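Before any comments, here is the structure.
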Amino acid sequence: MIGRTAEPIPVARVRGLAAMQIPATPADDGSAWPVRSLHLNEGPYAPAPSVLAAIARAAGVLNRYPDHDASALIAALARHTGTDAARLVVGAGSNELLHFSAEISLEPGDEALVPVPGFPTYARAIAQRGGRCVGVPVRPDGVVDIDAMMAAVGARTRLIFVASPHNPTGGMLSQGEISTLIDRLPNHILLHFDEAYYEFGRHAGASEVLPLLERRGGPWITTRSFSKAYSLAGARVGYGITGSAALADAYRKVRVGFGINALALAAAQAALAEKSHVTALLDHTAAERQRLSGALELLGMRVLPSAANFVAAITPGLAGDLAGVLARKRIFVLPAAWPGAGGMLRITIGTRADTGAVVAALREAIGAP
Ligand SMILES: Cc1ncc(COP(=O)(O)O)c(C=O)c1O
């Protein structure tokens, strides 16, 4: 009789999940219509030669397992961030660390707060642990609404995700707003501050969040990514700075053995040492973001202020339809819902040629002169 009353497999928590839909970007076949991948906020250029050389060296010893503790990368990150190595954690993309935050903080039925629209991993990570995701709309300017998030804190809230610059809007919190968050968030709630676009935010004039986070008595982590400013989206590496070594231990406990592969570790370490690639990319992104925003505004679209490597343009018609028209020209952008409008298009900053192509295609699609 054992097992007759047991829940069927997979358990209800997993049965209720939708499979992730992330269609592969078509390969560029060198035809007259190049593939323009402007929907995933990747860097438009290949990693620096020094990074490619480090990957090639690491490839020569792929018969060996990688360093599970990522000691060399952690040591480099400790120097880079000025943080004690014991408080640093790494993940297969900062994405994995978002999942770990849900893993270490939520029991089934607990609540977690997320900005809406926001990065989809937040809601997935919460759902996978049986948590209840409470969405809090961002402000009309696309910035996370700290007052509204604080008002949404309830008796079962255990986790909050906040991003600055925020995805999909690019909106950046002020120092005062971050201070309010840190001062008002109760100490039994895990604060996950998502800085996947940290380097772009700093380049756009954001002040450091870390000194403010250090003031917090309760648990916190801020995560950053090698996928964006370091042009390593395919490698899958991210890192987190936590409020204490004890909290960092919790993230280490839920890791998968050898979860970050040797090529990714070597690439991230080399990328951290290669400052000129990042500087050039940040300068390029800021200039091209301004050019793209100006051109979209000339087409009559409202563009949200962005401090990231993408812009969000509010669309007059249905954003999904516009994205479909662009996709037929092999220009891929991300449509999303936006209250009171047809939607919005999130467009990654690509090359100069990408900017020209996406603006020309949109002009034609919306019939602008
Ligand atoms: C806000 C935000 N957080 C986290 C991530 C995850 O990035 P990765 O896992 O590549 O580090 C992304 C990726 O697009 C993002 O936009």
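In the structure tokens, chains take the letters A, B, ... in the order shown, each chain's residues start at 1, and ligands count up from 1 in the order shown.
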Within-10 Å residues of ligand 1, basis only C-alpha atoms and all ligand atoms, as an MDAnalysis selection string: chainID A and resid 39:42 91:98 118:122 161:170 193:198 223:228 231:239 308:310
Spatial neighbours of stretch 47-59 of chain A, 6 Å, only C-alpha atoms, chain gap at least 4 places, as a PDB file with all heavy atoms, in the first residue's frame:
```pdb
ATOM      1  N   SER A 231      30.965  40.966 -21.892  1.00  0.00           N
ATOM      2  CA  SER A 231      30.754  40.259 -23.170  1.00  0.00           C
ATOM      3  C   SER A 231      30.914  38.746 -23.053  1.00  0.00           C
ATOM      4  O   SER A 231      31.466  38.104 -23.941  1.00  0.00           O
ATOM      5  CB  SER A 231      31.731  40.793 -24.239  1.00  0.00           C
ATOM      6  OG  SER A 231      31.580  42.186 -24.410  1.00  0.00           O
ATOM      7  N   LEU A 263      36.106  26.574 -18.559  1.00  0.00           N
ATOM      8  CA  LEU A 263      36.269  27.613 -19.586  1.00  0.00           C
ATOM      9  C   LEU A 263      35.667  28.933 -19.087  1.00  0.00           C
ATOM     10  O   LEU A 263      36.233  30.015 -19.293  1.00  0.00           O
ATOM     11  CB  LEU A 263      35.574  27.217 -20.888  1.00  0.00           C
ATOM     12  CG  LEU A 263      36.014  25.903 -21.523  1.00  0.00           C
ATOM     13  CD1 LEU A 263      35.323  25.701 -22.867  1.00  0.00           C
ATOM     14  CD2 LEU A 263      37.528  25.853 -21.694  1.00  0.00           C
ATOM     15  N   ALA A 266      37.989  30.529 -16.415  1.00  0.00           N
ATOM     16  CA  ALA A 266      39.170  31.147 -17.036  1.00  0.00           C
ATOM     17  C   ALA A 266      38.774  32.436 -17.757  1.00  0.00           C
ATOM     18  O   ALA A 266      39.472  33.461 -17.681  1.00  0.00           O
ATOM     19  CB  ALA A 266      39.817  30.169 -18.011  1.00  0.00           C
ATOM     20  N   ALA A 267      37.647  32.384 -18.444  1.00  0.00           N
ATOM     21  CA  ALA A 267      37.188  33.557 -19.204  1.00  0.00           C
ATOM     22  C   ALA A 267      36.886  34.723 -18.267  1.00  0.00           C
ATOM     23  O   ALA A 267      37.290  35.864 -18.523  1.00  0.00           O
ATOM     24  CB  ALA A 267      35.939  33.187 -20.008  1.00  0.00           C
ATOM     25  N   ALA A 270      40.088  36.282 -16.831  1.00  0.00           N
ATOM     26  CA  ALA A 270      40.815  37.068 -17.837  1.00  0.00           C
ATOM     27  C   ALA A 270      40.045  38.358 -18.162  1.00  0.00           C
ATOM     28  O   ALA A 270      40.650  39.423 -18.349  1.00  0.00           O
ATOM     29  CB  ALA A 270      41.025  36.239 -19.100  1.00  0.00           C
ATOM     30  N   ALA A 271      38.725  38.271 -18.201  1.00  0.00           N
ATOM     31  CA  ALA A 271      37.914  39.450 -18.545  1.00  0.00           C
ATOM     32  C   ALA A 271      38.048  40.537 -17.476  1.00  0.00           C
ATOM     33  O   ALA A 271      38.063  41.726 -17.786  1.00  0.00           O
ATOM     34  CB  ALA A 271      36.446  39.050 -18.709  1.00  0.00           C
TER      35      ALA A 271
END
```
Counting only C-alpha atoms, closest pick from A:Ala323, A:Ala151, A:Leu281, A:Val134 relative to A:Phe200 is A:Leu281
Got a sec to tell me which of stretch 28-229 of chain A DSSP assigns to strand (DSSP E or B), as number ranges by chain? A: 36-37, 88-91, 111-116, 132-137, 157-163, 190-194, 220-225
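In terms of minimum interatomic distance to A:Ala273, A:Tyr230 ranks closest within A:Tyr230, A:Glu208, A:His192, A:Ser179, counting only C-alpha atoms.
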Do a neighbour search on A:Met301 at 8 Å with only C-alpha atoms, toss out local chain neighbours closer than 5 positions, and write the hits as a PyMOL selection string. chain A and resi 296+313-316
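Close contacts of A:Arg330, defined as residues with an atom at most 10 Å away when counting only C-alpha atoms, with chain neighbours fewer than 4 positions off set aside, comprise Thr25, Pro26, Asp28, Trp33, Pro34, Val35, Arg36, Ser37, Gly324, Val325 and Leu326 of chain A.
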Excluding A:Ile104 and residues on its chain fewer than 4 positions from it, collect all residues at most 8 Å away from it, counting only C-alpha atoms, and give them as a PyMOL selection string. chain A and resi 100+250-251+254
